[in-house]
Amino acid sequence: MAVSKEQILETLAGVAVPDGGDLVSRDMIRGLMVAADGKVSFLIEAPTPELAGTLEPQRAAAQAAVAALDGVSHATVILTAHNAMPKNAPQPAPSAGTGEPPALKIGQHPKPQDGPEKIKGVDRVIAIASGKGGVGKSTVASNLAVALAKQGRKVGLIDADVLGPSQQLMMGTRDRPKSDDGKIMDPVVAHGVKLVSIGLFVDPDQAVVWRGPLITGTIQQFLFSVNWGPLDVLIIDLPPGTGDVQITLAQKVLMSGALVVSTPQDVALIDAHKAIDMFQKVRIPVLGLIENMSMYVCPNCGHEDHIFGEGGVRAESERMKIPFLGEIPLAREVRMAGDTGTPIALGEGPVAEAYQRLARELINGGMG
Ligand SMILES: Nc1ncnc2c1ncn2[C@@H]1O[C@H](COP(=O)(O)OP(=O)(O)OP(=O)(O)O)[C@@H](O)[C@H]1O
């Protein structure tokens with residue numbers, strides 16, 4: 001018989017927190033999800049990193065207790081903290097540049113770092129960004145990931161759009177990343193790409209309403225508490241705009257650079273400009289601009305229509321002296337492929353070829 005969320009919460013109410021109350025009375029359970037196959041996952045959100053640092057026994061107890069319930073086939077419990085990065089937290093000895101991963105564990109609170117770190121076993125980290133929402137950044141990220149994988153690269157993909165995850169849908173998987181030791185999780189693999197998204201942990205019908213520090217703590221776990229390696233490239237699908245996630249990345253991880261996606265419209269370009277400006281301020285190189293939804297080619301008569309304007313992104317890249325990496329046409333198949341979890345770049349045809357070209361550009365530029 002399927003287990004209910006109420007039964008799980010009842011069980012978790014039996015796990016006491018050292019400084020008083022229990023996991024439920026202290027309102028620490030987030031993102032509780034029960035899948036039809038009996039897999040259960042949730043986060044324990046401690047109010048402070050200090051408390052999170054002491055809660056590994058409670059996390060382990062919660063995971064064991066839930067796993068033992070009738071109807072539960074597997075339980076994954078992740079520990080995180082609300083105030084993930086306090087400014088005055090004690091700093092560990094710097095390890096940047098040593099090539100060693102930071103000591104960030106799922107089962108314990110990530111330790112604050114001094115500077116950007118390399119991710120163990122990952123050669124390059126590339127963010128896919130946009131200034132404006134809805135310009136197709138996630139679509140570009142998933143297609144570029146599979147196009148690179150098709151060309152023999154070892155590719156990972158992080159959906160860093162924690163408040164609006166879409167990669168689980170676009171990559172067509174509902175598998176849950178698993179962790180045998182409760183510390184490091186294994187990404188799921190979809191279309192030859194290793195993937196982690198919050199959309200694989202939380203109920204996709206429930207809005208994730210999280211405060212900034214919890215979001216940045218989650219991103220850090222996705223970066224440093226996942227068995228990524230060996231990878232040629234880790235692609236990060238950013239949320240739109242210039243917020244906490246972008247800044248966390250700049251501070252925490254050694255990035256090769258960012259690709260900025262824009263449509264040719266003026267409004268999108270103005271926002272793309274802001275995104276480029278932000279990356280320059282945080283010293284992440286902008287490796288190139290990609291124009292999405294460039295033109296519509298009528299499938300019946302072959303007529304090309306530049307619905308959102310023509311050549312805007314190329315002109316902007318020339319103006320800003322940033323490489324123009326290519327244009328992706330506006331095509332119904334792109335959306336349909338994304339909606340059905342089989343990125344268009346997996347197949348053949350003009351759009352798939354546009355993505356393959358983009359992947360080749362990156363590889364030839366030493367970035368893929
Ligand atoms: N080249 C394209 N042709 C047709 N539809 C596209 C194309 N690129 C993206 N889309 C569609 O546009 C919609 C928005 O795309 P997507 O979610 O990738 O944008 P985004 O910039 O990541 O959005 P968000 O701001 O929500 O993160 C999706 O329905 C997607 O399928």
# chains A, B, ... in the order shown; residues from 1 in each chain; ligands from 1
call {"tool": "residues_near_ligand", "arguments": {"ligand": "ligand 1", "cutoff": "7 Å", "atoms": "only C-alpha atoms and all ligand atoms", "output": "PyMOL selection string"}}
result
chain A and resi 130+132-140+161+164+166+239-240+292-293+328-336+338-339
call {"tool": "write_last_selection", "arguments": {"atoms": "N, CA and C atoms", "output": "PDB file, in the first residue's frame"}}
result
ATOM      1  N   SER A 130      20.719  34.057 -19.451  1.00  0.00           N
ATOM      2  CA  SER A 130      19.967  35.016 -20.269  1.00  0.00           C
ATOM      3  C   SER A 130      19.598  36.179 -19.358  1.00  0.00           C
ATOM      4  N   LYS A 132      16.724  37.962 -19.908  1.00  0.00           N
ATOM      5  CA  LYS A 132      15.264  37.940 -19.858  1.00  0.00           C
ATOM      6  C   LYS A 132      14.788  36.498 -19.769  1.00  0.00           C
ATOM      7  N   GLY A 133      13.647  36.291 -19.114  1.00  0.00           N
ATOM      8  CA  GLY A 133      13.076  34.946 -19.038  1.00  0.00           C
ATOM      9  C   GLY A 133      12.419  34.548 -20.360  1.00  0.00           C
ATOM     10  N   GLY A 134      12.315  33.258 -20.559  1.00  0.00           N
ATOM     11  CA  GLY A 134      11.538  32.735 -21.682  1.00  0.00           C
ATOM     12  C   GLY A 134      12.191  32.846 -23.053  1.00  0.00           C
ATOM     13  N   VAL A 135      13.484  33.169 -23.089  1.00  0.00           N
ATOM     14  CA  VAL A 135      14.135  33.301 -24.403  1.00  0.00           C
ATOM     15  C   VAL A 135      14.673  31.963 -24.921  1.00  0.00           C
ATOM     16  N   GLY A 136      14.532  30.905 -24.112  1.00  0.00           N
ATOM     17  CA  GLY A 136      14.935  29.581 -24.573  1.00  0.00           C
ATOM     18  C   GLY A 136      16.254  29.102 -23.998  1.00  0.00           C
ATOM     19  N   LYS A 137      16.638  29.682 -22.878  1.00  0.00           N
ATOM     20  CA  LYS A 137      17.921  29.317 -22.255  1.00  0.00           C
ATOM     21  C   LYS A 137      17.970  27.846 -21.862  1.00  0.00           C
ATOM     22  N   SER A 138      16.914  27.349 -21.228  1.00  0.00           N
ATOM     23  CA  SER A 138      16.914  25.940 -20.806  1.00  0.00           C
ATOM     24  C   SER A 138      16.893  25.015 -22.020  1.00  0.00           C
ATOM     25  N   THR A 139      16.184  25.426 -23.046  1.00  0.00           N
ATOM     26  CA  THR A 139      16.134  24.621 -24.276  1.00  0.00           C
ATOM     27  C   THR A 139      17.528  24.548 -24.893  1.00  0.00           C
ATOM     28  N   VAL A 140      18.224  25.683 -24.912  1.00  0.00           N
ATOM     29  CA  VAL A 140      19.591  25.691 -25.443  1.00  0.00           C
ATOM     30  C   VAL A 140      20.483  24.802 -24.566  1.00  0.00           C
ATOM     31  N   ASP A 161      17.985  26.576 -12.075  1.00  0.00           N
ATOM     32  CA  ASP A 161      16.769  27.383 -11.965  1.00  0.00           C
ATOM     33  C   ASP A 161      15.884  26.719 -10.918  1.00  0.00           C
ATOM     34  N   GLY A 164      12.175  27.465 -10.827  1.00  0.00           N
ATOM     35  CA  GLY A 164      11.375  27.068 -12.000  1.00  0.00           C
ATOM     36  C   GLY A 164      12.096  26.002 -12.793  1.00  0.00           C
ATOM     37  N   SER A 166      13.148  23.023 -15.147  1.00  0.00           N
ATOM     38  CA  SER A 166      12.479  22.458 -16.320  1.00  0.00           C
ATOM     39  C   SER A 166      13.282  21.324 -16.948  1.00  0.00           C
ATOM     40  N   PRO A 239      19.030  30.452 -13.727  1.00  0.00           N
ATOM     41  CA  PRO A 239      17.757  31.168 -13.804  1.00  0.00           C
ATOM     42  C   PRO A 239      17.973  32.455 -14.601  1.00  0.00           C
ATOM     43  N   PRO A 240      16.904  33.039 -15.141  1.00  0.00           N
ATOM     44  CA  PRO A 240      17.111  34.284 -15.894  1.00  0.00           C
ATOM     45  C   PRO A 240      17.538  35.415 -14.954  1.00  0.00           C
ATOM     46  N   ASN A 292      18.590  32.775 -30.166  1.00  0.00           N
ATOM     47  CA  ASN A 292      17.543  31.746 -30.251  1.00  0.00           C
ATOM     48  C   ASN A 292      16.297  32.372 -30.854  1.00  0.00           C
ATOM     49  N   MET A 293      15.502  31.531 -31.473  1.00  0.00           N
ATOM     50  CA  MET A 293      14.265  31.954 -32.145  1.00  0.00           C
ATOM     51  C   MET A 293      14.595  32.997 -33.218  1.00  0.00           C
ATOM     52  N   ILE A 328      19.696  29.761 -33.617  1.00  0.00           N
ATOM     53  CA  ILE A 328      18.803  28.600 -33.611  1.00  0.00           C
ATOM     54  C   ILE A 328      17.450  29.077 -34.119  1.00  0.00           C
ATOM     55  N   PRO A 329      16.927  28.446 -35.168  1.00  0.00           N
ATOM     56  CA  PRO A 329      15.638  28.906 -35.690  1.00  0.00           C
ATOM     57  C   PRO A 329      14.480  28.676 -34.717  1.00  0.00           C
ATOM     58  N   LEU A 330      13.424  29.426 -34.927  1.00  0.00           N
ATOM     59  CA  LEU A 330      12.182  29.214 -34.183  1.00  0.00           C
ATOM     60  C   LEU A 330      11.442  28.090 -34.905  1.00  0.00           C
ATOM     61  N   ALA A 331      11.191  27.013 -34.229  1.00  0.00           N
ATOM     62  CA  ALA A 331      10.546  25.883 -34.902  1.00  0.00           C
ATOM     63  C   ALA A 331       9.658  25.134 -33.917  1.00  0.00           C
ATOM     64  N   ARG A 332       8.492  24.802 -34.377  1.00  0.00           N
ATOM     65  CA  ARG A 332       7.538  24.109 -33.505  1.00  0.00           C
ATOM     66  C   ARG A 332       8.158  22.830 -32.928  1.00  0.00           C
ATOM     67  N   GLU A 333       8.954  22.134 -33.757  1.00  0.00           N
ATOM     68  CA  GLU A 333       9.546  20.865 -33.300  1.00  0.00           C
ATOM     69  C   GLU A 333      10.444  21.067 -32.078  1.00  0.00           C
ATOM     70  N   VAL A 334      11.045  22.253 -31.967  1.00  0.00           N
ATOM     71  CA  VAL A 334      11.932  22.494 -30.818  1.00  0.00           C
ATOM     72  C   VAL A 334      11.115  22.434 -29.538  1.00  0.00           C
ATOM     73  N   ARG A 335       9.976  23.138 -29.554  1.00  0.00           N
ATOM     74  CA  ARG A 335       9.129  23.151 -28.362  1.00  0.00           C
ATOM     75  C   ARG A 335       8.560  21.762 -28.089  1.00  0.00           C
ATOM     76  N   MET A 336       8.085  21.105 -29.171  1.00  0.00           N
ATOM     77  CA  MET A 336       7.483  19.778 -28.966  1.00  0.00           C
ATOM     78  C   MET A 336       8.505  18.794 -28.412  1.00  0.00           C
ATOM     79  N   GLY A 338      11.132  19.500 -26.652  1.00  0.00           N
ATOM     80  CA  GLY A 338      11.405  19.854 -25.257  1.00  0.00           C
ATOM     81  C   GLY A 338      10.286  19.365 -24.349  1.00  0.00           C
ATOM     82  N   ASP A 339       9.054  19.548 -24.791  1.00  0.00           N
ATOM     83  CA  ASP A 339       7.901  19.150 -23.963  1.00  0.00           C
ATOM     84  C   ASP A 339       7.820  17.639 -23.772  1.00  0.00           C
TER      85      ASP A 339
END
call {"tool": "residues_around", "arguments": {"residues": "Arg176 (chain A)", "least_positions_apart": "3", "cutoff": "7 Å", "atoms": "only C-alpha atoms", "output": "list in words"}}
result
Val188, Leu200 and Phe201 of chain A
call {"tool": "closest_residue", "arguments": {"among": "A:Thr76, A:Gln280, A:Asn227, A:Thr263", "to": "Ile247 (chain A)", "atoms": "only C-alpha atoms"}}
result
A:Gln280
call {"tool": "closest_residue", "arguments": {"among": "A:Ile158, A:Ala129, A:Ile119, A:Leu169", "to": "Ser262 (chain A)", "atoms": "only C-alpha atoms"}}
result
A:Ala129
call {"tool": "residues_around", "arguments": {"residues": "region 32-41 of chain A", "least_positions_apart": "5", "cutoff": "8 Å", "atoms": "only C-alpha atoms", "output": "VMD selection string"}}
result
chain A and resid 2 to 5 66 71 to 77 201 to 203
call {"tool": "residues_around", "arguments": {"residues": "region 13-21 of chain A", "least_positions_apart": "3", "cutoff": "10 Å", "atoms": "only C-alpha atoms", "output": "short mmCIF file (atom, residue, chain, number, x, y, z; two decimals) with C-alpha atoms, in the first residue's frame"}}
result
data_model
loop_
_atom_site.label_atom_id
_atom_site.label_comp_id
_atom_site.auth_asym_id
_atom_site.auth_seq_id
_atom_site.Cartn_x
_atom_site.Cartn_y
_atom_site.Cartn_z
CA GLN A 7 2.45 8.91 7.76
CA ILE A 8 5.91 10.17 6.85
CA LEU A 9 5.45 13.39 8.82
CA GLU A 10 4.19 11.37 11.79
CA VAL A 24 8.21 18.51 12.22
CA SER A 25 7.43 20.78 15.17
CA ARG A 26 10.53 22.82 14.20
CA ASP A 27 9.17 23.08 10.62
CA MET A 28 12.34 21.73 9.04
CA ALA A 46 18.01 23.78 9.49
CA LEU A 51 22.68 23.67 13.67
CA THR A 54 25.14 18.94 14.09
CA LEU A 55 22.16 17.29 12.43
CA PRO A 57 22.57 11.84 13.04
CA GLN A 58 19.01 13.20 12.73
CA ARG A 59 19.23 13.12 8.93
CA ALA A 61 17.74 8.59 11.56
CA ALA A 62 15.01 10.29 9.49
CA ALA A 65 12.91 5.58 9.76
#
call {"tool": "select_by_dssp", "arguments": {"residues": "region 117-353 of chain A", "states": "strand (DSSP E)", "output": "compact mmCIF listing (two decimals) with C-alpha atoms, in the first residue's frame"}}
result
# COMPACT_ATOMS: atom_id res chain seq x y z
CA VAL A 122 35.24 18.23 -14.11
CA ASP A 123 37.38 19.87 -16.79
CA ARG A 124 35.16 22.84 -17.60
CA VAL A 125 32.10 24.54 -16.15
CA ILE A 126 29.99 26.61 -18.53
CA ALA A 127 26.88 28.54 -17.53
CA ILE A 128 24.02 29.15 -19.92
CA ALA A 129 22.49 32.50 -19.06
CA VAL A 155 28.67 16.04 -20.25
CA GLY A 156 26.87 17.00 -17.05
CA LEU A 157 23.92 19.36 -16.67
CA ILE A 158 22.81 21.23 -13.54
CA ASP A 159 19.40 22.85 -13.55
CA VAL A 188 20.71 10.58 -13.08
CA VAL A 189 21.68 9.92 -16.69
CA ALA A 190 19.36 11.02 -19.50
CA VAL A 193 24.02 13.39 -20.04
CA LYS A 194 24.45 13.36 -16.25
CA LEU A 195 21.72 15.50 -14.74
CA VAL A 196 20.73 17.00 -11.40
CA SER A 197 17.69 19.23 -10.99
CA LEU A 231 33.37 15.17 -17.21
CA ASP A 232 34.66 17.19 -20.13
CA VAL A 233 32.09 19.85 -19.45
CA LEU A 234 29.47 20.65 -16.83
CA ILE A 235 26.71 22.88 -18.18
CA ILE A 236 24.76 25.02 -15.73
CA ASP A 237 21.30 26.17 -16.76
CA GLY A 257 32.72 31.08 -18.75
CA ALA A 258 29.14 31.82 -19.68
CA LEU A 259 27.12 31.64 -22.86
CA VAL A 260 24.37 34.23 -23.08
CA VAL A 261 21.18 33.38 -24.95
CA SER A 262 18.95 36.07 -26.39
CA VAL A 286 31.39 35.63 -21.60
CA LEU A 287 32.38 33.00 -24.16
CA GLY A 288 29.76 33.95 -26.68
CA LEU A 289 26.23 34.98 -27.55
CA ILE A 290 23.63 32.64 -29.01
CA GLU A 291 20.60 33.89 -30.89
CA ASN A 292 17.54 31.75 -30.25
CA MET A 293 14.26 31.95 -32.15
CA SER A 294 16.18 33.68 -34.94
CA MET A 295 13.76 33.15 -37.73
CA TYR A 296 10.73 31.09 -38.54
CA VAL A 297 10.96 28.90 -41.61
CA GLU A 304 11.77 32.76 -43.76
CA ASP A 305 10.18 35.22 -41.36
CA PHE A 324 28.70 35.23 -31.92
CA LEU A 325 28.25 31.46 -31.63
CA GLY A 326 25.27 30.87 -33.83
CA GLU A 327 21.56 31.09 -34.33
CA ILE A 328 18.80 28.60 -33.61
CA PRO A 329 15.64 28.91 -35.69
CA LEU A 330 12.18 29.21 -34.18
call {"tool": "residues_around", "arguments": {"residues": "region 344-356 of chain A", "least_positions_apart": "2", "cutoff": "7 Å", "atoms": "only C-alpha atoms", "output": "mmCIF file with C-alpha atoms, in the first residue's frame"}}
result
data_model
loop_
_atom_site.group_PDB
_atom_site.id
_atom_site.type_symbol
_atom_site.label_atom_id
_atom_site.label_comp_id
_atom_site.auth_asym_id
_atom_site.auth_seq_id
_atom_site.Cartn_x
_atom_site.Cartn_y
_atom_site.Cartn_z
ATOM 1 C CA ASN A 143 20.173 20.631 -26.564
ATOM 2 C CA LEU A 144 23.751 21.775 -26.269
ATOM 3 C CA VAL A 146 23.019 16.296 -25.809
ATOM 4 C CA ALA A 147 24.769 17.707 -28.906
ATOM 5 C CA ILE A 328 18.803 28.600 -33.611
ATOM 6 C CA PRO A 329 15.638 28.906 -35.690
ATOM 7 C CA VAL A 334 11.932 22.494 -30.818
ATOM 8 C CA ALA A 337 10.771 17.943 -28.485
ATOM 9 C CA THR A 342 13.615 14.255 -26.266
ATOM 10 C CA LEU A 358 27.211 25.145 -31.801
ATOM 11 C CA ALA A 359 28.719 22.114 -30.052
ATOM 12 C CA ARG A 360 31.514 21.934 -32.646
#
